[in-house]
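Written out below as structure tokens is the structure these notes cover.
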Amino acid sequence: MSSRLYVALDTPDLARARSIAHRVHNHVGGIKLGLEFFMANGRAGVREMAEIGLPIFLDLKFHDIPNTVAKAIQALRPLEPAILTIHAAGGRAMMEDAKAAAPTGTKVVAVTVLTSLDGSDLGSIGLSGDPHEHVERLADLARSAGIDGIVCSGAEVKAAHRAWPQGFFVVPGVRPADGAAGDQKRVVTPRAALDAGASILVVGRPITQAEDPDQAARAIEATL
Ligand SMILES: O=C(O)c1cc(=O)[nH]c(=O)n1[C@@H]1O[C@H](COP(=O)(O)O)[C@@H](O)[C@H]1O
């Protein structure tokens with residue numbers, strides 16, 4: 001079975017992204033390309049990264065009216081990413097239309113509550129309650145909209161997986177026990193996230209900022 005570790009190559013520098021991908025490709029199951037990479041390198045950059053031969057997770061976190069999101073996803077269809085992201089807070093119709101617009105083989109997953117937010121951040125945008133409750137509610141909405149799964153933190157994935165056994169669960173914000181959290185607030189270790197039911201783990205800086213990305217990816221993989 002291929003590794004469930006996806007490396008987030010968050011850089012505008014295509015050569016750097018390629019170099020890290022080549023160094024870690026034996027220890028990861030896929031490559032996540034997000035806004036930072038896409039804004040700088042666009043579709044041509046994604047195509048170039050796809051030549052490495054690993055599945056591509058295109059993380060552009062669409063959040064707009066249903067028509068706009070569906071048309072944006074249609075425009076990306078030729079890239080046939082393995083996974084793409086939308087925001088669950090865009091609502092049911094947006095999620096339904098996103099799924100309908102995506103290539104058949106692409107998993108559409110909805111970000112619930114960003115792992116960089118805690119309860120007090122939610123309060124400051126007018127959402128009472130803790131992240132857990134919001135993840136559960138949004139996961140339920142995502143499931144009923146017919147998409148493939150959600151993105152949540154390792155702290156919520158156990159309950160989400162229990163409520164949606166067939167769902168696909170992406171867990172970012174994972175850190176080795178001694179890793180710096182940085183801007184992430186709901187952090188767990190890679191092993192704990194997998195044990196709790198994560199389908200795949202997304203790890204960026206602990207690999208990409210390491211002196212030896214290959215060794216860092218290998219060390220994380222060894223804990224899984
Ligand atoms: O959708 C995501 O992948 C995502 C959702 C979320 O709630 N939190 C989150 O960190 N991410 C992404 O996961 C990656 C985490 O990177 P590191 O914090 O460097 O490991 C980044 O590319 C984020 O954009």
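Naming scheme: A, B, ... for chains in displayed order of the structure tokens; residues 1 onward per chain; ligands 1 onward as shown.
For segment 153-207 of chain A, backbone-based DSSP assignment of alpha helix (DSSP H) covers A:Val157, A:Lys158, A:Ala159, A:Ala160, A:His161, A:Arg162, A:Ala163, A:Pro190, A:Arg191, A:Ala192, A:Ala193, A:Leu194, A:Asp195, A:Arg205, A:Pro206, A:Ile207.
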What are the closest atom pairs, with distances in Å to one decimal, for each residue of chain A lying within 6 Å of ligand 1, using only C-alpha atoms and all ligand atoms, rows by chain and rising residue number, as a Markdown table?
```
| residue | atom | partner | partner_atom_place_in_ligand_line | distance |
| --- | --- | --- | --- | --- |
| A:Ala8 | CA | ligand 1 | 22 (O) | 5.0 |
| A:Asp10 | CA | ligand 1 | 22 (O) | 5.9 |
| A:Gly34 | CA | ligand 1 | 22 (O) | 6.0 |
| A:Asp59 | CA | ligand 1 | 1 (O) | 5.9 |
| A:Val111 | CA | ligand 1 | 1 (O) | 5.8 |
| A:Val113 | CA | ligand 1 | 7 (O) | 6.0 |
| A:Leu114 | CA | ligand 1 | 7 (O) | 3.2 |
| A:Thr115 | CA | ligand 1 | 7 (O) | 4.0 |
| A:Cys152 | CA | ligand 1 | 7 (O) | 5.9 |
| A:Pro172 | CA | ligand 1 | 13 (O) | 4.7 |
| A:Gly173 | CA | ligand 1 | 10 (O) | 5.0 |
| A:Val202 | CA | ligand 1 | 13 (O) | 5.7 |
| A:Val203 | CA | ligand 1 | 20 (O) | 4.0 |
| A:Gly204 | CA | ligand 1 | 20 (O) | 3.5 |
| A:Arg205 | CA | ligand 1 | 19 (O) | 3.6 |
```
Residue selection dump (N, CA and C atoms) as an mmCIF file, in the first residue's frame:
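Output file part39.cif follows:
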```
data_model
loop_
_atom_site.group_PDB
_atom_site.id
_atom_site.type_symbol
_atom_site.label_atom_id
_atom_site.label_comp_id
_atom_site.auth_asym_id
_atom_site.auth_seq_id
_atom_site.Cartn_x
_atom_site.Cartn_y
_atom_site.Cartn_z
ATOM 1 N N ALA A 8 3.123 18.706 1.425
ATOM 2 C CA ALA A 8 2.610 19.994 0.927
ATOM 3 C C ALA A 8 3.797 20.816 0.453
ATOM 4 N N ASP A 10 4.554 23.935 -0.434
ATOM 5 C CA ASP A 10 4.104 25.329 -0.404
ATOM 6 C C ASP A 10 5.268 26.254 -0.694
ATOM 7 N N GLY A 34 -0.697 23.883 -3.414
ATOM 8 C CA GLY A 34 -1.718 24.797 -2.910
ATOM 9 C C GLY A 34 -1.648 26.149 -3.591
ATOM 10 N N ASP A 59 -4.921 21.793 -3.941
ATOM 11 C CA ASP A 59 -5.594 22.386 -2.786
ATOM 12 C C ASP A 59 -5.809 23.884 -3.017
ATOM 13 N N VAL A 111 -12.975 21.492 3.214
ATOM 14 C CA VAL A 111 -12.345 21.984 4.434
ATOM 15 C C VAL A 111 -13.462 22.356 5.411
ATOM 16 N N VAL A 113 -13.161 23.182 9.484
ATOM 17 C CA VAL A 113 -12.611 24.311 10.257
ATOM 18 C C VAL A 113 -11.091 24.255 10.097
ATOM 19 N N LEU A 114 -10.513 25.302 9.536
ATOM 20 C CA LEU A 114 -9.062 25.319 9.308
ATOM 21 C C LEU A 114 -8.296 24.957 10.581
ATOM 22 N N THR A 115 -7.230 24.195 10.416
ATOM 23 C CA THR A 115 -6.456 23.758 11.588
ATOM 24 C C THR A 115 -5.704 24.909 12.264
ATOM 25 N N CYS A 152 -10.048 17.963 8.165
ATOM 26 C CA CYS A 152 -10.239 18.393 9.558
ATOM 27 C C CYS A 152 -8.950 18.119 10.307
ATOM 28 N N PRO A 172 -4.420 17.668 7.904
ATOM 29 C CA PRO A 172 -3.206 18.491 7.929
ATOM 30 C C PRO A 172 -2.949 18.982 9.350
ATOM 31 N N GLY A 173 -1.932 19.819 9.489
ATOM 32 C CA GLY A 173 -1.638 20.335 10.838
ATOM 33 C C GLY A 173 -1.106 19.224 11.718
ATOM 34 N N VAL A 202 -1.342 15.334 5.680
ATOM 35 C CA VAL A 202 -0.650 16.364 4.896
ATOM 36 C C VAL A 202 0.419 16.997 5.788
ATOM 37 N N VAL A 203 1.652 16.950 5.331
ATOM 38 C CA VAL A 203 2.746 17.559 6.095
ATOM 39 C C VAL A 203 3.538 18.471 5.162
ATOM 40 N N GLY A 204 3.698 19.708 5.590
ATOM 41 C CA GLY A 204 4.456 20.670 4.793
ATOM 42 C C GLY A 204 5.786 20.990 5.422
ATOM 43 N N ARG A 205 5.823 22.078 6.191
ATOM 44 C CA ARG A 205 7.084 22.618 6.693
ATOM 45 C C ARG A 205 7.984 21.644 7.445
#
```
Point to revise | Selected residue, from A:Ala93, A:Leu76, A:Val171, A:Ile20, that lies nearest to Gly146 of chain A when counting only C-alpha atoms | key: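 For Gly146 of chain A, the nearest of the candidates is A:Ala93.
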Practice item. Can you pull out every residue within 12 Å of segment 37-49 of chain A, counting only C-alpha atoms, but drop anything in the same chain fewer than 5 positions away, and send it as a ChimeraX atom specification? Key: /A:8-22,25,30-32,54-61,75-81
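Residue nearest Lys158 of chain A within the list A:Gly123, A:Gly182, A:Gly197, A:Pro190: A:Gly197 [criterion: smallest interatomic distance, only C-alpha atoms].
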Exercise for review: Counting only C-alpha atoms, figure out which residue out of A:Ala139, A:Ala180, A:Ala72, A:Leu5 gets nearest to Arg162 of chain A.
Suggested key: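 The answer is A:Ala139, which sits nearest to Arg162 of chain A.
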Point to revise | strand (DSSP E or B) residues, from DSSP on the backbone, in segment 84-153 of chain A, as a list in words | key: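 Matching residues for strand (DSSP E or B) in segment 84-153 of chain A are Leu84, Thr85, Ile86, His87, Lys107, Val108, Val109, Ala110, Val111, Gly149, Ile150 and Val151 of chain A.
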Check your understanding: Any idea what's packed within 12 Å of Asp195 of chain A, counting only C-alpha atoms, ignoring anything in its chain fewer than 2 positions away? Could you give it as a VMD selection string?
Key -> chain A and resid 154 to 155 157 to 158 161 171 188 to 193 197 to 201 223 to 224
For the residues in that selection, give me N, CA and C atoms as a short mmCIF file (atom, residue, chain, number, x, y, z; two decimals), in the first residue's frame.
```
data_model
loop_
_atom_site.label_atom_id
_atom_site.label_comp_id
_atom_site.auth_asym_id
_atom_site.auth_seq_id
_atom_site.Cartn_x
_atom_site.Cartn_y
_atom_site.Cartn_z
N GLY A 154 -6.59 16.38 13.38
CA GLY A 154 -6.52 15.06 14.00
C GLY A 154 -7.32 14.96 15.28
N ALA A 155 -7.71 16.11 15.82
CA ALA A 155 -8.51 16.10 17.05
C ALA A 155 -9.96 15.75 16.78
N VAL A 157 -10.97 13.89 13.84
CA VAL A 157 -11.17 12.88 12.78
C VAL A 157 -11.81 11.60 13.32
N LYS A 158 -11.59 11.30 14.58
CA LYS A 158 -12.16 10.07 15.12
C LYS A 158 -13.70 10.11 15.07
N HIS A 161 -15.00 10.19 11.45
CA HIS A 161 -14.90 8.88 10.80
C HIS A 161 -15.98 7.94 11.30
N VAL A 171 -6.08 14.91 6.90
CA VAL A 171 -5.68 15.59 8.15
C VAL A 171 -4.36 16.33 7.96
N VAL A 188 -1.88 17.43 16.05
CA VAL A 188 -1.61 16.11 16.65
C VAL A 188 -0.41 15.50 15.92
N THR A 189 0.09 14.38 16.43
CA THR A 189 1.21 13.72 15.74
C THR A 189 0.66 12.91 14.56
N PRO A 190 1.52 12.62 13.58
CA PRO A 190 1.07 11.82 12.43
C PRO A 190 0.47 10.48 12.86
N ARG A 191 1.14 9.81 13.78
CA ARG A 191 0.67 8.49 14.23
C ARG A 191 -0.73 8.60 14.86
N ALA A 192 -0.92 9.60 15.71
CA ALA A 192 -2.21 9.77 16.39
C ALA A 192 -3.31 10.05 15.36
N ALA A 193 -2.99 10.84 14.33
CA ALA A 193 -4.00 11.16 13.32
C ALA A 193 -4.41 9.91 12.54
N GLY A 197 -8.16 7.64 12.41
CA GLY A 197 -8.99 7.42 11.23
C GLY A 197 -8.67 8.27 10.02
N ALA A 198 -7.55 9.00 10.03
CA ALA A 198 -7.18 9.79 8.85
C ALA A 198 -6.96 8.86 7.65
N SER A 199 -7.44 9.28 6.48
CA SER A 199 -7.16 8.53 5.25
C SER A 199 -5.79 8.91 4.73
N ILE A 200 -5.50 10.21 4.73
CA ILE A 200 -4.16 10.68 4.38
C ILE A 200 -3.75 11.81 5.33
N LEU A 201 -2.45 11.98 5.47
CA LEU A 201 -1.90 13.06 6.30
C LEU A 201 -1.22 14.05 5.37
N THR A 223 7.18 6.44 11.67
CA THR A 223 6.29 6.43 12.85
C THR A 223 4.89 5.93 12.47
N LEU A 224 4.63 5.76 11.18
CA LEU A 224 3.25 5.46 10.76
C LEU A 224 2.93 3.97 10.79
#
```
